[in-house]
Amino acid sequence: MKPITLPVAELKPALTGLSKIINRRMTLPVLGHLLVQRNPDGWVTLTATDLDTSASVRLEQPAPGDPASLLAPFAELQKTVKNCKPGEDITVEEADKQHVTLRYPIGSQFAQQTVESLPVEDFPPMPKNDGSPVPLADGIRQAILEAMECASTDETRVILNGAYLDVTAKQGHYIVATDGRHLYSSNSFTLPLDGSLIIPDHKFLGWKEFNNDGEWQLQVQPVSKDNPGLLQISSRRWSFTTRQIDGNYPNWRQVVPAAGQFNTTVLLPPGAVESVLGLIPKIPCHDAVNQTMGLRVEGKKLCVRGRGVGDTKWTDLEITGVEVKGSPVAIYLNRDFLTKALKFGLSQIEIIDPLTPLRFSNAGRQIIVMPIRGDNPPPALSKQPQEEPGKPDSETHQPAPNGANTERDTMPRTTTNTANNGTTTNGTNGNEAHAEPRPALETALAQIDTVKTGFREAIAGLNKLTDLIRQAQREQKAGEKEVQSVRQTIRSLQSVRI
């Protein structure tokens with residue numbers, strides 16, 4: 001067999017992309033190998049998989065030689081290519097069923113290294129996707145990537161761990177993602193899909209080289225009894241294959257305010273957007289958990305505000321050049337969500353009131369953000385707040401224990417968080433809690449910490465159980481493949497005549 005040539009200039013970025021698929025904590029040795037193939041026309045492809053997800057890349061130029069397939073250990077290829085220059089080539093060929101030979105230049109000479117490998121038959125078979133390719137224009141690709149940045153990373157909420165392509169509305173399709181605290185949607189397109197689907201978030205999709213490799217195409221294979229519901233996103237040379245997230249996505253529309261509900265609108269020109277983005281990292285933050293900052297609208301002015309740990313007054317910084325319409329209001333939110341919305345170019349801010357989700361929008365794209373109660377004292381202060389004259393009881397709050405999160409947990413919920421409405425865990429209001437003796441309050445806070453610890457341990461246990469189930473699935477697949485190999489061997493022996 002003629003060795004397969006791998007140009008270093010193409011191999012280096014290829015290994016970078018494939019490294020996003022290979023899991024360092026792999027359960028099977030074969031998953032640490034790349035499938036290197038050369039077809040009859042000389043085109044060379046490299047493939048990596050973790051059983052659930054796979055990625056393949058075709059090299060730019062064909063290499064002469066007969067069709068060939070082999071497994072090359074990823075770690076050895078990566079180590080070898082680091083010491084080679086872009087204009088050089090590495091060749092790889094099969095030495096025997098358990099070894100491959102790497103040949104690479106050293107100065108004016110060539111070095112040869114034989115490394116352990118596995119039979120090519122051990123590599124998991126790549127699933128076939130018979131779905132029709134659907135082109136994804138640049139705007140759709142951008143919307144998918146932006147949605148991925150807003151998706152949840154919580155493994156206990158798998159249904160939210162991706163971008164939802166909602167094709168249920170005939171007048172326009174949506175790309176949606178949420179983590180329960182902010183929600184992204186975009187609807188300036190239609191796709192020829194038979195049904196809605198969820199694209200799992202994966203670091204490969206956000207990789208720069210994959211996004212610069214030409215137009216994306218989407219192939220979807222519907223979920224069936226014998227098919228897990230595969231989807232494939234391909235570019236000019238790359239292809240990424242994974243399983244859809246199965247399940248019913250939450251009714252995201254119920255948390256999107258109607259257009260007529262907003263009482264205040266702020267339009268930020270490009271210069272103002274850059275000004276706010278430059279100010280956000282410099283604004284003091286008293287709440288490291290929620291990253292709280294405020295937006296205050298009064299008259300025709302917009303101010304961004306923050307306060308440091310131990311401060312009782314907000315520091316306001318006016319943003320010039322903005323267009324303001326509607327009622328004065330002050331609203332507080334997570335500064336990371338504000339930064340994300342402005343970087344996406346969502347320069348129109350619409351507000352209903354301080355306790356209702358606000359909207360950032362621009363040309364069919366929007367982010368809905370849950371607000372934060374900004375009148376809570378800084379978490380670092382231990383003194384109880386004094387009730388201000390004339391202030392309603394419902395606005396008197398106790399400090400959040402240990403910097404506890406005062407944001408609402410999920411977008412669809414309509415009930416009010418008890419930590420935000422002045423009601424303590426035993427049902428008393430803020431005035432009654434303030435009147436209780438200090439030891440009782442400390443006991444209540446200690447009990448809250450105990451409950452929180454219990455929840456964390458339960459979630460950690462569920463995560464470990466999930467990992468074990470996934471490992472069992474992989475082992476079952478490997479076992480089924482071994483059984484199939486034994487059956488094939490028995491069939492071949494049965495055909496032997498003595």
# chains A, B, ... in the order shown; residues from 1 in each chain; ligands from 1

call {"tool": "residues_around", "arguments": {"residues": "stretch 187-194 of chain A", "least_positions_apart": "6", "cutoff": "6 Å", "atoms": "only C-alpha atoms", "output": "list in words"}}
result
Gly172, His173, Tyr174 and Gly364 of chain A

call {"tool": "atom_distance", "arguments": {"atom1": "atom CA of A:Asp122", "atom2": "atom CA of A:Gln473"}}
result
16.8 Å

call {"tool": "residues_around", "arguments": {"residues": "A:Phe74", "least_positions_apart": "5", "cutoff": "9 Å", "atoms": "only C-alpha atoms", "output": "list in words"}}
result
Leu15, Ser19, Ile22, Gly32, His33, Leu34, Ala48 and Lys79 of chain A

call {"tool": "write_last_selection", "arguments": {"atoms": "N, CA, C and O atoms", "output": "mmCIF file, in the first residue's frame"}}
result
data_model
loop_
_atom_site.group_PDB
_atom_site.id
_atom_site.type_symbol
_atom_site.label_atom_id
_atom_site.label_comp_id
_atom_site.auth_asym_id
_atom_site.auth_seq_id
_atom_site.Cartn_x
_atom_site.Cartn_y
_atom_site.Cartn_z
ATOM 1 N N LEU A 15 -6.358 18.781 12.937
ATOM 2 C CA LEU A 15 -6.251 18.183 14.269
ATOM 3 C C LEU A 15 -6.862 19.088 15.328
ATOM 4 O O LEU A 15 -7.436 18.605 16.317
ATOM 5 N N SER A 19 -9.850 17.670 17.579
ATOM 6 C CA SER A 19 -9.620 17.574 19.023
ATOM 7 C C SER A 19 -10.866 17.979 19.817
ATOM 8 O O SER A 19 -10.996 17.613 20.990
ATOM 9 N N ILE A 22 -12.735 14.505 20.137
ATOM 10 C CA ILE A 22 -12.113 13.439 20.930
ATOM 11 C C ILE A 22 -12.171 13.790 22.405
ATOM 12 O O ILE A 22 -11.730 14.860 22.831
ATOM 13 N N GLY A 32 -9.616 7.178 20.719
ATOM 14 C CA GLY A 32 -8.465 8.055 20.683
ATOM 15 C C GLY A 32 -7.717 7.988 19.359
ATOM 16 O O GLY A 32 -6.595 8.491 19.254
ATOM 17 N N HIS A 33 -8.347 7.378 18.344
ATOM 18 C CA HIS A 33 -7.737 7.233 17.027
ATOM 19 C C HIS A 33 -8.537 8.001 15.976
ATOM 20 O O HIS A 33 -9.738 8.227 16.133
ATOM 21 N N LEU A 34 -7.851 8.364 14.912
ATOM 22 C CA LEU A 34 -8.491 8.968 13.747
ATOM 23 C C LEU A 34 -8.594 7.917 12.642
ATOM 24 O O LEU A 34 -7.652 7.136 12.417
ATOM 25 N N ALA A 48 -13.054 11.668 13.319
ATOM 26 C CA ALA A 48 -12.984 11.412 14.763
ATOM 27 C C ALA A 48 -14.396 11.242 15.285
ATOM 28 O O ALA A 48 -15.352 11.831 14.755
ATOM 29 N N LYS A 79 1.546 15.092 18.350
ATOM 30 C CA LYS A 79 2.907 15.312 18.829
ATOM 31 C C LYS A 79 3.876 15.458 17.655
ATOM 32 O O LYS A 79 4.798 16.277 17.687
#

call {"tool": "residues_around", "arguments": {"residues": "A:Arg359", "least_positions_apart": "3", "cutoff": "9 Å", "atoms": "only C-alpha atoms", "output": "number ranges by chain"}}
result
A: 256-257, 348-351, 366-369

call {"tool": "closest_residue", "arguments": {"among": "A:Asp89, A:Glu60, A:Glu298, A:Asp213", "to": "A:Asp138", "atoms": "only C-alpha atoms"}}
result
A:Asp213

call {"tool": "closest_residue", "arguments": {"among": "A:Pro29, A:Pro64, A:Pro40, A:Thr91", "to": "A:Thr5", "atoms": "only C-alpha atoms"}}
result
A:Thr91

call {"tool": "select_by_dssp", "arguments": {"residues": "stretch 166-307 of chain A", "states": "helix (DSSP H, G or I)", "output": "VMD selection string"}}
result
chain A and resid 208 to 211 252 to 255 259 to 261 270 to 282

call {"tool": "residues_around", "arguments": {"residues": "stretch 153-160 of chain A", "least_positions_apart": "5", "cutoff": "10 Å", "atoms": "only C-alpha atoms", "output": "VMD selection string"}}
result
chain A and resid 148 176 to 180 198 200 to 201 245 to 250 459 to 460 462 to 463 466

call {"tool": "write_last_selection", "arguments": {"atoms": "C-alpha atoms", "output": "tab-separated table (two decimals), in the first residue's frame"}}
result
chain	number	residue	atom	x	y	z
A	148	MET	CA	-25.92	28.56	21.30
A	176	VAL	CA	-34.62	29.85	20.00
A	177	ALA	CA	-32.42	29.17	23.03
A	178	THR	CA	-32.72	29.87	26.75
A	179	ASP	CA	-31.07	29.06	30.04
A	180	GLY	CA	-34.10	30.11	32.11
A	198	ILE	CA	-33.08	20.83	18.72
A	200	PRO	CA	-27.21	20.25	20.62
A	201	ASP	CA	-24.69	22.89	21.62
A	245	ILE	CA	-32.00	16.29	21.54
A	246	ASP	CA	-35.24	14.36	21.88
A	247	GLY	CA	-38.13	15.89	23.82
A	248	ASN	CA	-40.66	18.71	23.88
A	249	TYR	CA	-39.15	22.20	24.06
A	250	PRO	CA	-40.85	24.54	26.58
A	459	ILE	CA	-27.67	17.27	41.50
A	460	ALA	CA	-24.10	15.97	41.77
A	462	LEU	CA	-27.69	12.78	39.21
A	463	ASN	CA	-24.72	13.95	37.14
A	466	THR	CA	-25.89	10.19	33.96

call {"tool": "atom_distance", "arguments": {"atom1": "atom CA of A:Cys84", "atom2": "atom CA of A:Pro119"}}
result
27.0 Å

call {"tool": "residues_around", "arguments": {"residues": "stretch 278-291 of chain A", "least_positions_apart": "3", "cutoff": "6 Å", "atoms": "only C-alpha atoms", "output": "VMD selection string"}}
result
chain A and resid 275 306 to 309 334 to 335 378

call {"tool": "write_last_selection", "arguments": {"atoms": "C-alpha atoms", "output": "short mmCIF file (atom, residue, chain, number, x, y, z; two decimals), in the first residue's frame"}}
result
data_model
loop_
_atom_site.label_atom_id
_atom_site.label_comp_id
_atom_site.auth_asym_id
_atom_site.auth_seq_id
_atom_site.Cartn_x
_atom_site.Cartn_y
_atom_site.Cartn_z
CA SER A 275 -19.71 53.52 24.72
CA GLY A 306 -23.60 50.31 39.54
CA ARG A 307 -22.38 50.29 43.12
CA GLY A 308 -19.41 48.79 44.90
CA VAL A 309 -19.35 46.38 47.82
CA ASN A 334 -27.09 40.82 34.82
CA ARG A 335 -24.34 42.82 33.06
CA PRO A 378 -25.07 44.41 49.07
#

call {"tool": "atom_distance", "arguments": {"atom1": "atom CA of A:Val451", "atom2": "atom CA of A:His182"}}
result
25.9 Å

call {"tool": "residues_around", "arguments": {"residues": "A:Pro135", "least_positions_apart": "2", "cutoff": "9 Å", "atoms": "only C-alpha atoms", "output": "list in words"}}
result
Pro133, Ala137, Leu191, Glu215, Trp216, Gln217 and Leu218 of chain A

call {"tool": "closest_residue", "arguments": {"among": "A:Pro3, A:Pro67, A:Gly139, A:Gly374", "to": "A:Gly42", "atoms": "only C-alpha atoms"}}
result
A:Pro67

call {"tool": "closest_residue", "arguments": {"among": "A:Tyr104, A:Phe123, A:Phe262, A:Phe337", "to": "A:Leu6", "atoms": "only C-alpha atoms"}}
result
A:Tyr104

call {"tool": "closest_residue", "arguments": {"among": "A:Lys170, A:Lys2, A:His99, A:Lys82", "to": "A:Ala63", "atoms": "only C-alpha atoms"}}
result
A:Lys2

call {"tool": "closest_residue", "arguments": {"among": "A:Asn39, A:Thr339, A:Ser54, A:Ile90", "to": "A:Asp66", "atoms": "only C-alpha atoms"}}
result
A:Asn39
